[in-house]
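Working notes, beginning with the structure itself.
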Amino acid sequence: MTTIETVRGPIAVEDIGVTLTHEHIFTKNPEIEQNWPDPEWEGEEPMIQKAVDALTALKAKGIDTMVDLTVPGLGRYIPRIQQVAARVDLNIVVATGFYTFKDLPSFFQTHGPGLMVDGPELMTEFFVRDITEGIGDSGVKAVFIKIATDEFGITPGVERVMNAAAEAHKATGATISTHTHVEHFTGRLQQEFFRKAGVPLENVLIGHCGDSTDLDYLKELMDNGSTIGLDRFGMEQVLHDDRRIEMLVQLIELGYAEKITLSHDAGIFSINTPPSWRSRVSPNWHHAHISDNILPAIRERGVSEESIRQIMVTNAARVLTGRR
């Protein structure tokens with residue numbers, strides 16, 4: 001029986017259910033916050049309770065599993081997530097990887113092959129350990145490997161993360177989940193890189209493709225083998241949901257339902273996009289938006305329950321399983 005690791009431990013892949021594949025719970029910057037506390041962070045227990053309340057309500061709306069892609073570079077802290085998971089009847093899956101658009105922190109600039117502290121690529125070791133043994137001493141195992149390429153493309157720092165992700169995938173079979181910048185077509189760069197690195201493209205989930213209205217670009221990524229994430233519903237400061245829905249319906253009508261996942265890239269708290277800013281600029285950017293608004297909208301457009309289950313359950317289970 002194939003199992004998937006969650007924060008509470010392994011479950012059968014058949015029990016994953018309806019899944020949001022690209023979300024966050026808490027996006028933090030400990031070094032900033034320890035020195036200059038964020039006034040919108042209400043305190044550890046109040047924020048944990050806020051997450052518990054939101055995820056409990058989400059479960060009642062029919063969501064069974066959430067993938068939290070908060071990795072180092074975004075303030076990943078598993079003990080906090082464990083406290084949330086212990087109090088909700090919803091599966092939380094976490095990730096390894098490193099989040100940077102351009103440069104690596106000084107630790108990785110001094111440690112590594114040919115650097116001042118010469119040795120093997122520690123990121124590869126860290127990623128594999130997170131997947132096979134667990135993150136820190138938490139016992140919680142990562143499922144996805146997260147990388148990002150933004151408008152700067154594949155910089156030397158990003159290249160090291162991607163190389164480590166490729167090696168970690170080959171060692172573990174874990175799916176690589178990505179952040180892209182659609183205006184710079186960085187999904188193409190990712191596919192070219194991982195293909196050359198020996199990673200099968202069906203094991204790469206290309207993220208943030210819902211920011212694009214370029215149908216040919218999205219079809220190209222899927223025709224090359226990858227699943228794409230239409231994973232920013234509610235993020236209307238980037239692209240209005242009406243246009244996101246139009247692209248989703250078109251892709252389903254063209255026969256691509258087997259290559260799509262849906263999500264929000266939302267969070268309970270983010271130091272980068274504070275709650276007060278989100279409520280003012282993108283009030284629908286929250287974890288319940290797909291359940292409350294997007295699925296009803298595509299049903300009205302004639303999308304079948306079979307296609308919705310394919311996207312929200314079957315495809316999600318496939319990418320969570322990876323090569324296992």
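Going by the structure tokens order, chains are called A, B, ..., each with residues numbered from 1, while ligands are numbered from 1 in the order shown.
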Near Ala197 of chain A, counting only C-alpha atoms, which residues have an atom at most 9 Å away, once you skip same-chain residues fewer than 6 positions from it, shown as a PyMOL selection string?
-> chain A and resi 163+166-167
Cut-off 9 Å: closest segment 168-230 of chain A/segment 13-30 of chain A atom pairs per residue, using only C-alpha atoms, as a tab-separated table:
```
residue	atom	partner	partner_atom	distance
A:Ser177	CA	A:His22	CA	8.6
A:Gly207	CA	A:His22	CA	8.0
A:Gly229	CA	A:His22	CA	7.8
```
Determine, counting only C-alpha atoms, which protein, DNA and RNA residues have an atom within 7 Å of an atom of segment 89-106 of chain A; residues of the same chain fewer than 4 positions away are not included. Present the result as a PyMOL selection string.
-> chain A and resi 5-7+56+59+64-74+85+110+127+130+142-150+152+155+157-158+161+165
May I have the selected residues written with N, CA and C atoms, as a compact mmCIF listing (two decimals), in the first residue's frame?
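Output file again07.txt follows:
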```
# COMPACT_ATOMS: atom_id res chain seq x y z
N GLU A 5 3.21 10.87 3.54
CA GLU A 5 3.55 11.43 4.85
C GLU A 5 2.78 12.72 5.09
N THR A 6 2.15 12.81 6.24
CA THR A 6 1.52 14.05 6.67
C THR A 6 2.18 14.49 7.98
N VAL A 7 1.80 15.65 8.47
CA VAL A 7 2.39 16.14 9.72
C VAL A 7 2.07 15.19 10.87
N THR A 56 -10.32 24.11 10.30
CA THR A 56 -11.52 23.36 10.70
C THR A 56 -12.70 23.72 9.80
N LYS A 59 -12.16 22.13 6.34
CA LYS A 59 -12.53 20.72 6.32
C LYS A 59 -14.04 20.55 6.18
N ASP A 64 -9.87 17.95 2.28
CA ASP A 64 -9.31 16.92 3.15
C ASP A 64 -7.83 17.10 3.43
N THR A 65 -7.09 17.68 2.48
CA THR A 65 -5.64 17.77 2.59
C THR A 65 -5.16 19.11 2.07
N MET A 66 -4.16 19.67 2.75
CA MET A 66 -3.51 20.90 2.31
C MET A 66 -2.01 20.66 2.25
N VAL A 67 -1.39 21.06 1.15
CA VAL A 67 0.07 21.02 1.03
C VAL A 67 0.61 22.39 1.41
N ASP A 68 1.40 22.44 2.48
CA ASP A 68 2.03 23.68 2.95
C ASP A 68 3.44 23.72 2.37
N LEU A 69 3.64 24.59 1.38
CA LEU A 69 4.93 24.67 0.69
C LEU A 69 5.85 25.73 1.31
N THR A 70 5.68 25.99 2.60
CA THR A 70 6.57 26.91 3.30
C THR A 70 7.87 26.18 3.62
N VAL A 71 8.95 26.59 2.98
CA VAL A 71 10.25 25.94 3.14
C VAL A 71 11.24 26.96 3.70
N PRO A 72 12.46 26.55 4.05
CA PRO A 72 13.47 27.53 4.42
C PRO A 72 13.58 28.63 3.35
N GLY A 73 13.70 29.86 3.84
CA GLY A 73 13.59 31.02 2.98
C GLY A 73 12.24 31.69 3.12
N LEU A 74 11.26 30.93 3.67
CA LEU A 74 9.91 31.46 3.93
C LEU A 74 9.53 31.29 5.40
N ALA A 85 -1.77 20.96 13.32
CA ALA A 85 -2.22 19.66 12.81
C ALA A 85 -2.85 18.80 13.89
N THR A 110 29.45 30.13 1.68
CA THR A 110 30.75 29.70 2.20
C THR A 110 30.88 28.19 2.28
N PHE A 127 17.85 18.18 1.88
CA PHE A 127 16.58 17.84 1.24
C PHE A 127 16.28 16.34 1.41
N ASP A 130 15.31 15.53 5.00
CA ASP A 130 13.95 15.96 5.32
C ASP A 130 12.91 14.96 4.83
N ALA A 142 9.08 15.45 4.88
CA ALA A 142 8.64 16.25 3.74
C ALA A 142 8.20 15.33 2.60
N VAL A 143 7.32 15.85 1.76
CA VAL A 143 6.82 15.10 0.61
C VAL A 143 7.26 15.74 -0.70
N PHE A 144 7.12 17.06 -0.84
CA PHE A 144 7.52 17.77 -2.04
C PHE A 144 8.90 18.41 -1.84
N ILE A 145 9.54 18.75 -2.98
CA ILE A 145 10.75 19.56 -3.00
C ILE A 145 10.40 20.87 -3.70
N LYS A 146 10.59 21.99 -3.01
CA LYS A 146 10.15 23.29 -3.54
C LYS A 146 11.35 24.09 -4.05
N ILE A 147 11.19 24.64 -5.27
CA ILE A 147 12.20 25.55 -5.83
C ILE A 147 11.50 26.74 -6.46
N ALA A 148 12.23 27.81 -6.73
CA ALA A 148 11.64 29.01 -7.33
C ALA A 148 12.56 29.60 -8.39
N THR A 149 11.97 29.96 -9.52
CA THR A 149 12.66 30.84 -10.47
C THR A 149 11.72 31.98 -10.79
N ASP A 150 12.16 33.19 -10.57
CA ASP A 150 11.32 34.35 -10.79
C ASP A 150 11.89 35.16 -11.97
N PHE A 152 14.40 36.92 -12.40
CA PHE A 152 15.86 36.88 -12.59
C PHE A 152 16.30 35.62 -13.32
N THR A 155 19.63 32.03 -11.69
CA THR A 155 20.87 32.65 -11.22
C THR A 155 21.78 31.57 -10.65
N GLY A 157 22.74 31.13 -7.62
CA GLY A 157 22.16 30.63 -6.39
C GLY A 157 20.98 29.72 -6.64
N VAL A 158 20.09 30.13 -7.54
CA VAL A 158 18.93 29.32 -7.88
C VAL A 158 19.37 28.01 -8.53
N VAL A 161 20.17 25.46 -5.94
CA VAL A 161 18.96 24.88 -5.36
C VAL A 161 18.35 23.86 -6.31
N ALA A 165 17.76 19.94 -5.79
CA ALA A 165 16.42 19.38 -5.92
C ALA A 165 16.42 18.19 -6.87
```
List every residue of segment 26-242 of chain A that DSSP, applied to the backbone, labels as helix (DSSP H, G or I), and write the result as a PyMOL selection string.
-> chain A and resi 30-35+44-60+78-85+106-110+122-132+156-172+182-184+186-196+201-203+209-211+215-223+241-242
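Considering only C-alpha atoms, the residue among A:Val140, A:Ala164, A:Pro200, A:Lys259 positioned nearest to Pro10 of chain A is A:Val140.
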Hey, which bits of segment 82-165 of chain A sit within 8 Å of segment 170-173 of chain A, and for each residue what's the closest pair of atoms and how far apart in Å (one decimal), counting only C-alpha atoms, rows by chain and increasing number, as a Markdown table?
```
| residue | atom | partner | partner_atom | distance |
| --- | --- | --- | --- | --- |
| A:Val128 | CA | A:Thr172 | CA | 7.0 |
| A:Ile131 | CA | A:Thr172 | CA | 7.4 |
| A:Thr132 | CA | A:Thr172 | CA | 7.5 |
```
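With distances restricted to only C-alpha atoms, A:Pro79 is the closest residue to Ser138 of chain A from A:Gly187, A:Pro120, A:Pro79, A:Pro156.
Shortest separation to Val204 of chain A among A:Leu320, A:Ile252, A:Met235, A:Val313 occurs at residue A:Leu320, atoms counted being only C-alpha atoms.
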Determine the nearest neighbour of Glu183 of chain A from the options A:Leu248, A:Ala86, A:Cys209, A:Met312, counting only C-alpha atoms.
->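 Result for the nearest residue to Glu183 of chain A: A:Cys209.
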Near Pro46 of chain A, counting only C-alpha atoms, which residues have an atom at most 12 Å away, once you skip same-chain residues fewer than 4 positions from it, shown as a PyMOL selection string?
-> chain A and resi 40-42+50-53+80+84+268-269
Would you give me, as CSV, each residue of segment 22-130 of chain A having an atom within 9 Å of an atom of segment 277-287 of chain A, along with its shortest atom pair and that distance in Å to one decimal, using only C-alpha atoms and sorting by chain and residue number?
```
residue,atom,partner,partner_atom,distance
A:Glu23,CA,A:His287,CA,7.8
A:Ala54,CA,A:His287,CA,8.1
A:Leu55,CA,A:His287,CA,8.2
A:Leu58,CA,A:His287,CA,7.3
```
Measuring atom to atom with only C-alpha atoms, identify which of A:Asp265, A:Glu133, A:Glu258, A:Asp211 is nearest to Asp241 of chain A.
-> A:Asp211
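Proximity of A:Ile228, A:Met222, A:Ile32, A:Ala168 to Thr180 of chain A, computed with only C-alpha atoms, is greatest for A:Ile228.
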Two-atom distance - atom CA of Pro274 of chain A, atom CA of Pro37 of chain A (Å) | 12.9 Å
Atomic separation - atom CA of Phe126 of chain A relative to atom CA of Phe107 of chain A, Å = 13.4 Å
